[in-house]
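Peer 1: Okay, so here is data-v2.cif, and as you'll see once you scroll down, it has mmCIF, C-alpha atoms.
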```
data_entry
loop_
_atom_site.label_atom_id
_atom_site.label_comp_id
_atom_site.auth_asym_id
_atom_site.auth_seq_id
_atom_site.Cartn_x
_atom_site.Cartn_y
_atom_site.Cartn_z
CA LYS A 1 0.00 0.00 0.00
CA ASN A 2 2.78 2.44 0.92
CA SER A 3 4.49 1.76 -2.40
CA LEU A 4 1.33 2.59 -4.36
CA ASP A 5 0.78 5.72 -2.24
CA THR A 6 4.24 7.13 -2.89
CA SER A 7 5.48 5.74 -6.22
CA PRO A 8 4.13 5.84 -9.81
CA ILE A 9 3.87 2.05 -10.07
CA THR A 10 0.99 -0.32 -10.74
CA ALA A 11 -0.34 -3.24 -8.72
CA ARG A 12 0.86 -5.51 -11.54
CA SER A 13 4.48 -4.50 -10.89
CA LEU A 14 4.15 -5.93 -7.35
CA GLN A 15 2.87 -9.30 -8.50
CA LYS A 16 6.19 -11.15 -8.86
CA PRO A 17 8.18 -9.78 -5.89
CA TYR A 18 5.28 -10.19 -3.43
CA HIS A 19 3.60 -13.27 -5.01
CA ILE A 20 0.16 -11.67 -5.10
CA LYS A 21 -2.69 -11.63 -7.60
CA ALA A 22 -2.27 -8.21 -9.18
CA ASP A 23 -5.85 -7.67 -10.35
CA GLU A 24 -7.36 -8.58 -6.98
CA PHE A 25 -4.84 -6.46 -5.09
CA GLY A 26 -5.45 -3.52 -7.45
CA ARG A 27 -9.19 -3.67 -6.78
CA ALA A 28 -8.60 -4.04 -3.04
CA TYR A 29 -6.31 -1.00 -3.01
CA LYS A 30 -8.83 1.10 -4.91
CA ASP A 31 -11.91 0.09 -2.91
CA HIS A 32 -10.58 -0.59 0.62
CA LEU A 33 -6.90 0.08 1.28
CA SER A 34 -6.79 3.60 -0.18
CA ASP A 35 -8.91 6.62 0.72
CA PHE A 36 -10.18 6.96 -2.84
CA ARG A 37 -13.84 6.21 -2.04
CA SER A 38 -13.89 8.91 0.67
CA TRP A 39 -11.63 11.33 -1.20
CA LYS A 40 -13.08 14.82 -0.68
CA HIS A 41 -12.00 16.01 -4.16
CA ILE A 42 -13.60 13.17 -6.10
CA PHE A 43 -16.59 15.26 -7.28
CA HIS A 44 -14.47 17.93 -8.99
CA ALA A 45 -11.23 16.03 -9.66
CA ARG A 46 -11.88 15.74 -13.40
CA GLU A 47 -12.33 19.52 -13.64
CA TRP A 48 -9.64 20.79 -11.27
CA LEU A 49 -7.35 19.89 -8.42
CA ILE A 50 -5.35 22.43 -6.41
CA PHE A 51 -2.64 21.93 -3.79
CA PRO A 52 -2.10 25.34 -2.13
CA ARG A 53 0.51 24.01 0.32
CA ASN A 54 2.81 23.14 -2.58
CA ILE A 55 3.03 26.66 -3.97
CA GLY A 56 6.48 28.23 -3.94
CA PRO A 57 8.43 31.14 -5.43
CA ASN A 58 9.50 29.19 -8.54
CA LEU A 59 6.79 27.53 -10.63
CA SER A 60 6.43 25.94 -14.08
CA ILE A 61 3.34 25.63 -16.24
CA ASP A 62 2.84 23.10 -19.01
CA GLU A 63 0.20 20.87 -20.59
CA THR A 64 -0.01 17.09 -20.89
CA ALA A 65 -2.44 14.44 -22.10
CA LEU A 66 -3.77 12.11 -19.41
CA SER A 67 -6.33 10.06 -21.34
CA ASN A 68 -7.40 9.75 -24.98
CA GLY A 69 -5.49 12.88 -25.94
CA ASP A 70 -7.47 15.10 -23.52
CA LEU A 71 -5.15 17.90 -22.41
CA TYR A 72 -4.69 19.02 -18.82
CA THR A 73 -2.85 22.14 -17.68
CA ILE A 74 -0.37 21.40 -14.90
CA VAL A 75 1.24 23.98 -12.61
CA SER A 76 4.18 22.57 -10.67
CA ASN A 77 6.69 23.65 -8.04
CA LYS A 78 10.23 23.56 -9.44
CA ASP A 79 11.80 23.18 -5.98
CA ALA A 80 10.09 19.79 -5.47
CA HIS A 81 12.15 18.35 -8.36
CA GLY A 82 9.31 16.20 -9.67
CA GLY A 83 8.66 14.43 -6.36
CA LYS A 84 6.21 14.78 -3.50
CA GLY A 85 4.84 18.30 -3.39
CA ALA A 86 5.50 19.02 -7.07
CA LEU A 87 1.85 19.52 -8.08
CA VAL A 88 0.30 22.93 -7.47
CA ALA A 89 -2.70 22.50 -9.79
CA ILE A 90 -4.13 20.14 -12.42
CA VAL A 91 -6.92 21.66 -14.51
CA SER A 92 -8.88 20.02 -17.32
CA GLY A 93 -8.27 21.65 -20.69
CA THR A 94 -6.21 24.67 -21.70
CA LYS A 95 -8.94 27.33 -21.72
CA VAL A 96 -7.61 30.44 -19.99
CA GLU A 97 -10.83 31.19 -18.07
CA ASP A 98 -11.10 27.66 -16.62
CA VAL A 99 -7.47 27.46 -15.50
CA VAL A 100 -7.53 30.96 -13.98
CA ALA A 101 -10.78 30.18 -12.13
CA ALA A 102 -9.15 27.09 -10.58
CA LEU A 103 -5.95 28.93 -9.61
CA MET A 104 -7.97 31.77 -8.07
CA ARG A 105 -9.12 29.24 -5.45
CA ILE A 106 -5.60 29.51 -4.03
CA HIS A 107 -5.44 32.44 -1.58
CA TRP A 108 -4.08 35.65 -3.15
CA TYR A 109 -1.43 35.89 -0.41
CA LEU A 110 0.09 32.59 -1.56
CA ARG A 111 -0.16 33.49 -5.25
CA CYS A 112 1.64 36.79 -4.61
CA LYS A 113 4.62 34.85 -3.23
CA VAL A 114 5.37 33.45 -6.71
CA ARG A 115 8.45 35.21 -8.11
CA GLU A 116 9.11 33.37 -11.38
CA VAL A 117 7.14 31.11 -13.72
CA THR A 118 8.78 29.26 -16.61
CA MET A 119 6.73 28.22 -19.63
CA ASP A 120 6.80 27.62 -23.38
CA PHE A 121 5.64 30.09 -26.05
CA SER A 122 1.92 29.40 -25.50
CA GLU A 123 -0.13 32.61 -25.54
CA GLY A 124 -2.84 30.98 -23.44
CA MET A 125 -0.42 30.06 -20.65
CA HIS A 126 1.02 33.55 -20.82
CA GLN A 127 -2.42 34.99 -20.03
CA ILE A 128 -2.95 32.44 -17.25
CA VAL A 129 0.27 33.48 -15.51
CA LEU A 130 -0.39 37.21 -15.92
CA GLN A 131 -3.84 36.89 -14.32
CA SER A 132 -3.00 34.35 -11.61
CA PHE A 133 0.49 35.36 -10.45
CA PRO A 134 0.65 39.17 -10.75
CA TYR A 135 4.13 39.60 -9.21
CA ALA A 136 5.83 36.75 -11.07
CA THR A 137 8.51 37.21 -13.72
CA ILE A 138 7.75 35.17 -16.84
CA THR A 139 10.72 33.27 -18.27
CA LEU A 140 10.31 31.55 -21.61
CA ASP A 141 12.05 28.20 -21.79
CA ARG A 142 15.30 28.42 -23.77
CA PHE A 143 14.89 24.88 -25.13
CA HIS A 144 11.48 25.68 -26.62
CA MET A 145 13.03 28.77 -28.17
CA GLN A 146 15.86 26.69 -29.66
CA GLN A 147 13.22 24.30 -31.01
CA LEU A 148 11.68 27.23 -32.89
CA ALA A 149 14.98 27.63 -34.75
CA THR A 150 15.59 23.89 -35.13
CA ASP A 151 12.24 23.28 -36.86
CA PRO A 152 13.06 25.44 -39.96
CA MET A 153 16.44 23.69 -40.26
CA GLN A 154 14.81 20.25 -40.17
CA GLU A 155 12.16 21.52 -42.60
CA LEU A 156 14.98 22.42 -45.02
CA ARG A 157 16.55 18.98 -44.55
CA LEU A 158 13.23 17.26 -45.30
CA LYS A 159 12.77 19.42 -48.39
CA TYR A 160 16.14 18.28 -49.77
CA LYS A 161 15.35 14.68 -48.76
CA LYS A 162 12.11 14.71 -50.78
CA GLU A 163 13.94 16.16 -53.76
CA ALA A 164 16.65 13.48 -53.48
CA GLN A 165 14.03 10.70 -53.22
CA LYS A 166 12.17 12.10 -56.23
CA GLU A 167 15.37 12.22 -58.28
CA GLN A 168 16.25 8.66 -57.23
CA ASN A 169 12.77 7.43 -58.22
CA GLU A 170 13.08 9.10 -61.61
CA LYS A 171 16.47 7.46 -62.17
CA ARG A 172 14.98 4.09 -61.19
CA LYS A 173 12.12 4.54 -63.70
CA LEU A 174 14.59 5.55 -66.41
CA PHE A 175 16.78 2.54 -65.62
CA LYS A 176 13.80 0.16 -65.87
CA ALA A 177 12.68 1.73 -69.14
CA GLN A 178 16.19 1.41 -70.64
CA LEU A 179 16.46 -2.15 -69.34
CA ALA A 180 13.12 -3.11 -70.94
CA GLU A 181 14.27 -1.57 -74.22
CA LYS A 182 17.55 -3.51 -74.16
CA TYR A 183 15.70 -6.70 -73.30
CA GLU A 184 13.39 -6.31 -76.29
CA LYS A 185 16.36 -5.72 -78.58
CA SER A 186 18.17 -8.81 -77.19
CA LEU A 187 15.06 -10.91 -77.87
CA LYS A 188 15.09 -9.85 -81.52
CA ARG A 189 18.81 -10.66 -81.86
CA ARG A 190 18.52 -14.06 -80.21
CA LYS A 191 18.44 -17.05 -82.56
CA LYS A 192 15.38 -19.25 -82.30
CA GLY A 193 15.98 -22.73 -80.91
CA LYS A 194 19.58 -22.01 -79.88
CA LYS A 195 20.85 -24.61 -77.41
CA ASP A 196 24.54 -23.70 -77.25
CA LYS A 197 25.18 -21.74 -74.00
CA ARG A 198 28.27 -20.02 -75.36
CA GLY A 199 28.23 -16.38 -76.41
CA ARG A 200 26.91 -13.21 -74.78
CA LYS A 201 24.69 -13.74 -71.72
CA PRO A 202 21.08 -12.66 -72.20
CA ILE A 203 19.95 -9.43 -70.54
CA ARG A 204 17.97 -9.99 -67.33
CA LYS A 205 14.58 -8.32 -67.42
CA ASN A 206 14.34 -8.14 -63.59
CA LYS A 207 17.80 -6.67 -62.94
CA ALA A 208 17.68 -4.47 -59.82
CA TYR A 209 18.50 -0.78 -59.91
CA VAL A 210 21.52 0.09 -57.74
CA PRO A 211 21.48 3.76 -56.63
CA GLU A 212 24.64 5.80 -56.46
CA ARG A 213 26.39 5.62 -53.11
CA LEU A 214 28.60 8.22 -51.47
CA SER A 215 32.08 7.60 -50.06
CA ASN A 216 30.65 6.54 -46.67
CA GLY A 217 28.23 4.04 -48.25
CA ASP A 218 25.06 6.14 -47.89
CA THR A 219 22.76 7.07 -50.73
CA LEU A 220 21.74 10.74 -50.82
CA PRO A 221 18.28 10.15 -49.22
CA GLU A 222 19.95 8.00 -46.54
CA LEU A 223 22.48 10.74 -45.84
CA LEU A 224 19.70 13.27 -45.37
CA THR A 225 17.82 10.85 -43.09
CA ARG A 226 20.78 9.83 -40.93
CA THR A 227 21.98 13.37 -40.22
CA ARG A 228 18.78 14.33 -38.38
CA TYR A 229 20.27 13.81 -34.91
CA SER A 230 23.67 15.30 -35.78
CA LEU A 231 22.00 18.55 -36.84
CA MET A 232 20.45 18.87 -33.37
CA VAL A 233 23.66 18.71 -31.32
CA SER A 234 26.93 20.63 -31.08
CA PRO A 235 29.86 19.57 -33.34
CA GLU A 236 31.95 18.40 -30.35
CA LYS A 237 29.34 15.67 -29.73
CA TRP A 238 29.69 14.19 -33.22
CA THR A 239 31.32 10.78 -33.55
CA GLY A 240 33.79 9.96 -36.34
CA THR A 241 31.11 8.61 -38.68
CA GLN A 242 28.83 11.56 -37.91
CA LYS A 243 31.63 14.02 -38.78
CA GLU A 244 32.10 12.26 -42.13
CA ARG A 245 28.37 12.39 -42.83
CA MET A 246 28.12 16.07 -41.92
CA LYS A 247 31.07 16.91 -44.18
CA LEU A 248 29.36 15.15 -47.09
CA LEU A 249 26.06 16.84 -46.25
CA PHE A 250 27.47 20.36 -46.07
CA GLU A 251 29.46 19.89 -49.30
CA ARG A 252 26.24 19.12 -51.18
CA TYR A 253 23.88 21.45 -49.33
CA PRO A 254 25.54 24.78 -48.30
CA ASP A 255 22.14 26.15 -47.19
CA LEU A 256 21.89 23.41 -44.57
CA GLU A 257 25.33 24.37 -43.28
CA LYS A 258 24.20 28.01 -42.93
CA ALA A 259 20.99 26.90 -41.19
CA TYR A 260 22.97 24.69 -38.80
CA SER A 261 25.32 27.59 -38.07
CA LEU A 262 22.35 29.78 -37.12
CA VAL A 263 20.91 27.14 -34.78
CA HIS A 264 24.30 26.45 -33.20
CA SER A 265 25.07 30.14 -32.67
CA LEU A 266 21.70 30.56 -30.91
CA ARG A 267 22.53 27.58 -28.69
CA MET A 268 25.90 29.13 -27.83
CA ILE A 269 24.31 32.44 -26.77
CA PHE A 270 22.37 30.66 -24.01
CA SER A 271 25.17 28.25 -23.13
CA ASN A 272 27.52 31.11 -22.28
CA THR A 273 27.78 31.03 -18.47
CA ARG A 274 29.12 34.60 -18.36
CA ALA A 275 26.33 36.12 -20.41
CA THR A 276 24.06 38.72 -18.80
CA TRP A 277 20.67 40.12 -19.78
CA ILE A 278 22.33 43.03 -21.60
CA SER A 279 25.02 40.99 -23.38
CA GLY A 280 22.35 38.43 -24.28
CA TYR A 281 20.26 41.22 -25.81
CA GLU A 282 23.19 42.37 -27.97
CA SER A 283 23.94 38.79 -29.07
CA MET A 284 20.31 38.22 -30.01
CA GLN A 285 20.26 41.38 -32.14
CA ASN A 286 23.31 40.07 -34.03
CA TRP A 287 21.54 36.74 -34.47
CA PHE A 288 18.45 38.45 -35.90
CA ASP A 289 20.71 40.20 -38.44
CA LYS A 290 22.22 36.85 -39.51
CA VAL A 291 18.73 35.36 -39.95
CA ARG A 292 17.72 38.33 -42.08
CA GLU A 293 20.81 37.85 -44.28
CA PHE A 294 20.03 34.14 -44.69
CA GLY A 295 16.65 35.06 -46.17
CA ASN A 296 14.73 31.89 -45.32
CA ASP A 297 11.00 32.51 -44.66
CA SER A 298 10.70 29.85 -41.94
CA PHE A 299 13.74 31.18 -40.11
CA ASN A 300 12.39 34.73 -40.40
CA THR A 301 9.09 33.60 -38.86
CA ALA A 302 10.92 31.92 -35.95
CA ALA A 303 13.05 35.04 -35.42
CA GLU A 304 9.95 37.29 -35.37
CA THR A 305 8.27 34.99 -32.82
CA ILE A 306 11.30 35.22 -30.54
CA LYS A 307 11.69 38.98 -31.09
CA ASP A 308 8.08 39.65 -30.07
CA ARG A 309 8.76 38.19 -26.61
CA LEU A 310 12.49 38.85 -26.35
CA ASP A 311 12.33 40.34 -22.85
CA GLU A 312 10.80 37.14 -21.46
CA VAL A 313 13.33 35.03 -23.38
CA LEU A 314 16.23 37.04 -21.92
CA ASN A 315 14.87 36.60 -18.38
CA TYR A 316 16.66 33.25 -18.59
CA PHE A 317 19.91 35.08 -17.81
CA ILE A 318 18.58 36.24 -14.41
CA HIS A 319 18.31 32.83 -12.71
CA ARG A 320 19.08 30.44 -15.60
CA ALA A 321 15.65 28.88 -15.11
CA THR A 322 14.18 26.50 -17.68
CA ASN A 323 11.01 24.44 -17.97
CA ALA A 324 12.95 21.20 -17.53
CA SER A 325 11.26 20.38 -14.20
CA ALA A 326 7.80 20.53 -15.85
CA GLU A 327 9.00 18.35 -18.73
CA SER A 328 10.44 15.87 -16.22
CA LEU A 329 7.14 15.72 -14.32
CA ASN A 330 5.24 15.24 -17.59
CA SER A 331 7.60 12.41 -18.49
CA LYS A 332 6.95 10.67 -15.16
CA ILE A 333 3.19 11.01 -15.63
CA LYS A 334 3.41 9.59 -19.17
CA GLN A 335 5.54 6.67 -17.99
CA PHE A 336 3.01 5.97 -15.25
CA ARG A 337 0.19 6.08 -17.82
CA ALA A 338 2.16 3.72 -20.07
CA GLN A 339 2.51 1.19 -17.23
CA LEU A 340 -1.28 1.21 -16.90
CA ARG A 341 -1.57 0.66 -20.69
CA GLY A 342 -3.94 3.59 -20.86
CA VAL A 343 -6.15 5.30 -18.29
CA VAL A 344 -9.58 3.73 -17.85
CA ASP A 345 -10.66 5.38 -14.58
CA ILE A 346 -9.54 9.01 -14.86
CA ASP A 347 -10.76 9.86 -11.33
CA PHE A 348 -8.65 7.13 -9.75
CA PHE A 349 -5.66 8.08 -11.90
CA LEU A 350 -5.93 11.68 -10.69
CA TYR A 351 -6.19 10.39 -7.11
CA ARG A 352 -2.95 8.44 -7.61
CA LEU A 353 -1.24 11.52 -9.03
CA SER A 354 -2.38 13.63 -6.10
CA MET A 355 -1.02 11.05 -3.63
CA ILE A 356 2.32 10.67 -5.39
CA PHE A 357 3.08 14.22 -6.57
CA GLY A 358 0.57 16.30 -4.62
#
```
Render the structure in this file as structure tokens.

Peer 2:
Amino acid sequence: KNSLDTSPITARSLQKPYHIKADEFGRAYKDHLSDFRSWKHIFHAREWLIFPRNIGPNLSIDETALSNGDLYTIVSNKDAHGGKGALVAIVSGTKVEDVVAALMRIHWYLRCKVREVTMDFSEGMHQIVLQSFPYATITLDRFHMQQLATDPMQELRLKYKKEAQKEQNEKRKLFKAQLAEKYEKSLKRRKKGKKDKRGRKPIRKNKAYVPERLSNGDTLPELLTRTRYSLMVSPEKWTGTQKERMKLLFERYPDLEKAYSLVHSLRMIFSNTRATWISGYESMQNWFDKVREFGNDSFNTAAETIKDRLDEVLNYFIHRATNASAESLNSKIKQFRAQLRGVVDIDFFLYRLSMIFG
């Protein structure tokens, strides 16, 4: 019972070590051993759950799917590090009015203690924080910002991949057409009733097309597929084979090299441990100039999105806060849901979450 109260595990995971019947024990825990049947929040759990005691000066806000893709907004305490006391609120949906109404149930004195809230670029969550935590500084997560720049780069890679696949398909069709033509000509040249096996071998009609391979053994579409991960990390993390692939990639696609340079330079701005709000502002202005020179529409859109909320992006340099704690909590919830192979009883699942993280 204590294990189920404090850990995101299922009754089935206790079957082998404790030699129990998991299904029977699971039902017994739900109906008798736990306080679920007398839980005072059971009537509104699906709509909202709040844990005022868990509020602290540093919060995160994010959304996650608990069942059948239904989204819930989760406010969590960063200082709990994804353990007991991490949950501040779980609210059904992402509608600003509903989430604010639930958070307003927490006394204003406690909400005024919040000093910083980290979040992604969601406009809805931005409004929720402004209305619910009036004295909090909003810090946009640097990793979500980097993702905004990474997406156009991967979009460019996929564009070149489709072009390479199309070209390869056209070459395959041309090869088959030429092969069929040669086969027909060889049939006309062949003597009828010939039994002697000597002479030129007949052309095979089903001969396979062999695409051109690069020096590392990849075809061009394979090269563009296998460099996906390498484009997302710094060059010092590349292995020997990854360095070879990236060299081949950048030789053939200079635009991808420029796009990677933009993404990497953005990463370096926020990885600089000596950077301040002011120096970060200057670096970002230089980065915007580089994006403008590159002239890619998707990159320009990403840059404009960041520029519109640059102050909140640069707040990262005050306390170096990210939304990693919220992502970690979401990951734990998803792993718990995966152990259950889907959530059948949403009320009981929320009860378990409140016991473990609330």

Peer 1: Neighbouring residues of Thr301 (chain A) were defined as those with any atom within 10 Å, considering all atoms listed in the file; residues of the same chain fewer than 3 positions away were excluded. Please report them as a PDB file with C-alpha atoms, keeping the file's coordinate frame.

Peer 2:
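And here is the file that came out, result.pdb:
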```pdb
ATOM      1  CA  LEU A 148      11.680  27.230 -32.890  1.00  0.00           C
ATOM      2  CA  ALA A 149      14.980  27.630 -34.750  1.00  0.00           C
ATOM      3  CA  PRO A 152      13.060  25.440 -39.960  1.00  0.00           C
ATOM      4  CA  VAL A 291      18.730  35.360 -39.950  1.00  0.00           C
ATOM      5  CA  ASN A 296      14.730  31.890 -45.320  1.00  0.00           C
ATOM      6  CA  ASP A 297      11.000  32.510 -44.660  1.00  0.00           C
ATOM      7  CA  SER A 298      10.700  29.850 -41.940  1.00  0.00           C
ATOM      8  CA  GLU A 304       9.950  37.290 -35.370  1.00  0.00           C
ATOM      9  CA  THR A 305       8.270  34.990 -32.820  1.00  0.00           C
ATOM     10  CA  ILE A 306      11.300  35.220 -30.540  1.00  0.00           C
ATOM     11  CA  LYS A 307      11.690  38.980 -31.090  1.00  0.00           C
TER      12      LYS A 307
END
```

Peer 1: Give me the residues of region 142-237 of chain A that have any atom at most 12 Å from an atom of region 263-269 of chain A; for each, the nearest atom pair and the distance in Å, rounded to one decimal. Use only C-alpha atoms, sort by chain and number, and format it as a tab-separated table.

Peer 2:
```
residue	atom	partner	partner_atom	distance
A:Arg142	CA	A:Arg267	CA	8.8
A:Phe143	CA	A:Arg267	CA	8.9
A:His144	CA	A:Arg267	CA	11.4
A:Met145	CA	A:Leu266	CA	9.3
A:Gln146	CA	A:Arg267	CA	6.8
A:Gln147	CA	A:Val263	CA	9.0
A:Leu148	CA	A:Val263	CA	9.4
A:Ala149	CA	A:Val263	CA	6.0
A:Thr150	CA	A:Val263	CA	6.2
A:Asp151	CA	A:Val263	CA	9.7
A:Pro152	CA	A:Val263	CA	9.6
A:Met153	CA	A:Val263	CA	7.9
A:Gln154	CA	A:Val263	CA	10.7
A:Ser230	CA	A:His264	CA	11.5
A:Leu231	CA	A:Val263	CA	8.9
A:Met232	CA	A:Val263	CA	8.4
A:Val233	CA	A:His264	CA	8.0
A:Ser234	CA	A:His264	CA	6.7
A:Pro235	CA	A:His264	CA	8.8
A:Glu236	CA	A:His264	CA	11.5
```

Peer 1: Just write the chosen residues, C-alpha atoms, as a compact mmCIF listing (two decimals), keeping the file's coordinate frame.

Peer 2:
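Saved result, out.txt, follows:
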```
# COMPACT_ATOMS: atom_id res chain seq x y z
CA ARG A 142 15.30 28.42 -23.77
CA PHE A 143 14.89 24.88 -25.13
CA HIS A 144 11.48 25.68 -26.62
CA MET A 145 13.03 28.77 -28.17
CA GLN A 146 15.86 26.69 -29.66
CA GLN A 147 13.22 24.30 -31.01
CA LEU A 148 11.68 27.23 -32.89
CA ALA A 149 14.98 27.63 -34.75
CA THR A 150 15.59 23.89 -35.13
CA ASP A 151 12.24 23.28 -36.86
CA PRO A 152 13.06 25.44 -39.96
CA MET A 153 16.44 23.69 -40.26
CA GLN A 154 14.81 20.25 -40.17
CA SER A 230 23.67 15.30 -35.78
CA LEU A 231 22.00 18.55 -36.84
CA MET A 232 20.45 18.87 -33.37
CA VAL A 233 23.66 18.71 -31.32
CA SER A 234 26.93 20.63 -31.08
CA PRO A 235 29.86 19.57 -33.34
CA GLU A 236 31.95 18.40 -30.35
```

Peer 1: If I wrap all listed atoms of region 35-50 of chain A in a box with edges along x, y and z and add 8 Å on each side, what are its centre and edge lengths in Å to one decimal, as AutoDock Vina command-line options?

Peer 2:
```
--center_x -11.0 --center_y 14.3 --center_z -6.5 --size_x 27.2 --size_y 32.2 --size_z 30.4
```

Peer 1: Any chance you could tabulate, as a Markdown table, the residues of region 264-339 of chain A at most 12 Å from region 51-59 of chain A with each one's nearest atom pair and distance in Å to one decimal, using all atoms listed in the file, in chain and rising number order?

Peer 2:
```
| residue | atom | partner | partner_atom | distance |
| --- | --- | --- | --- | --- |
| A:His319 | CA | A:Asn58 | CA | 10.4 |
| A:Arg320 | CA | A:Asn58 | CA | 12.0 |
| A:Ala321 | CA | A:Asn58 | CA | 9.0 |
| A:Thr322 | CA | A:Leu59 | CA | 10.3 |
| A:Asn323 | CA | A:Leu59 | CA | 9.0 |
| A:Ala324 | CA | A:Leu59 | CA | 11.2 |
| A:Ser325 | CA | A:Leu59 | CA | 9.2 |
| A:Ala326 | CA | A:Leu59 | CA | 8.8 |
```

Peer 1: Those same residues, written as a compact mmCIF listing (two decimals), in the coordinates of the input with C-alpha atoms?

Peer 2:
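Dumped to again14.txt:
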```
# COMPACT_ATOMS: atom_id res chain seq x y z
CA HIS A 319 18.31 32.83 -12.71
CA ARG A 320 19.08 30.44 -15.60
CA ALA A 321 15.65 28.88 -15.11
CA THR A 322 14.18 26.50 -17.68
CA ASN A 323 11.01 24.44 -17.97
CA ALA A 324 12.95 21.20 -17.53
CA SER A 325 11.26 20.38 -14.20
CA ALA A 326 7.80 20.53 -15.85
```

Peer 1: On this structure, the PyMOL selection byres ((chain A and resi 176) around 9) would catch which residues? List them as a PDB file with C-alpha atoms, keeping the file's coordinate frame, sorted by chain and number.

Peer 2:
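Result file is expr-v1.pdb:
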```
ATOM      1  CA  LYS A 171      16.470   7.460 -62.170  1.00  0.00           C
ATOM      2  CA  ARG A 172      14.980   4.090 -61.190  1.00  0.00           C
ATOM      3  CA  LYS A 173      12.120   4.540 -63.700  1.00  0.00           C
ATOM      4  CA  LEU A 174      14.590   5.550 -66.410  1.00  0.00           C
ATOM      5  CA  PHE A 175      16.780   2.540 -65.620  1.00  0.00           C
ATOM      6  CA  ALA A 177      12.680   1.730 -69.140  1.00  0.00           C
ATOM      7  CA  GLN A 178      16.190   1.410 -70.640  1.00  0.00           C
ATOM      8  CA  LEU A 179      16.460  -2.150 -69.340  1.00  0.00           C
ATOM      9  CA  ALA A 180      13.120  -3.110 -70.940  1.00  0.00           C
ATOM     10  CA  GLU A 181      14.270  -1.570 -74.220  1.00  0.00           C
ATOM     11  CA  LYS A 205      14.580  -8.320 -67.420  1.00  0.00           C
ATOM     12  CA  ASN A 206      14.340  -8.140 -63.590  1.00  0.00           C
ATOM     13  CA  LYS A 207      17.800  -6.670 -62.940  1.00  0.00           C
ATOM     14  CA  ALA A 208      17.680  -4.470 -59.820  1.00  0.00           C
ATOM     15  CA  TYR A 209      18.500  -0.780 -59.910  1.00  0.00           C
TER      16      TYR A 209
END
```

Peer 1: Between CA of Lys182 (chain A) and CA of Val210 (chain A), what is the distance, to one decimal in Å?

Peer 2: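 If I compute the distance from CA of Lys182 (chain A) to CA of Val210 (chain A), I get 17.3 Å.
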
Peer 1: Expressed in Å to a single decimal, how great is the separation between CA of Met125 (chain A) and CA of Tyr72 (chain A)?

Peer 2: 12.0 Å

Peer 1: Give me the residues near region 335-339 of chain A as a PDB file with C-alpha atoms, in the coordinates of the input, where near means some atom within 9 Å (using only C-alpha atoms) and where sequence neighbours in that chain fewer than 5 positions away do not count.

Peer 2:
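New file out-v5.pdb:
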```
ATOM      1  CA  PRO A   8       4.130   5.840  -9.810  1.00  0.00           C
ATOM      2  CA  ILE A   9       3.870   2.050 -10.070  1.00  0.00           C
ATOM      3  CA  THR A  10       0.990  -0.320 -10.740  1.00  0.00           C
ATOM      4  CA  ARG A  12       0.860  -5.510 -11.540  1.00  0.00           C
ATOM      5  CA  SER A  13       4.480  -4.500 -10.890  1.00  0.00           C
ATOM      6  CA  LEU A  66      -3.770  12.110 -19.410  1.00  0.00           C
ATOM      7  CA  SER A  67      -6.330  10.060 -21.340  1.00  0.00           C
ATOM      8  CA  ASN A 330       5.240  15.240 -17.590  1.00  0.00           C
ATOM      9  CA  PHE A 349      -5.660   8.080 -11.900  1.00  0.00           C
TER      10      PHE A 349
END
```

Peer 1: I would like the residues chosen by the PyMOL selection byres ((chain A and resi 3) around 12) on the shown file; could you give them as a PyMOL selection string?

Peer 2: chain A and resi 1-2+4-11+13-14+29+34+352+355-356

Peer 1: To one decimal in Å, tell me the separation between CA of Trp287 (chain A) and CA of Leu262 (chain A).

Peer 2: 7.5 Å

Peer 1: With all atoms listed in the file as the basis for distance, which of A:Glu24, A:Glu327, A:Asp70, A:Glu212 is at the shortest distance from Ser92 (chain A)?

Peer 2: A:Asp70
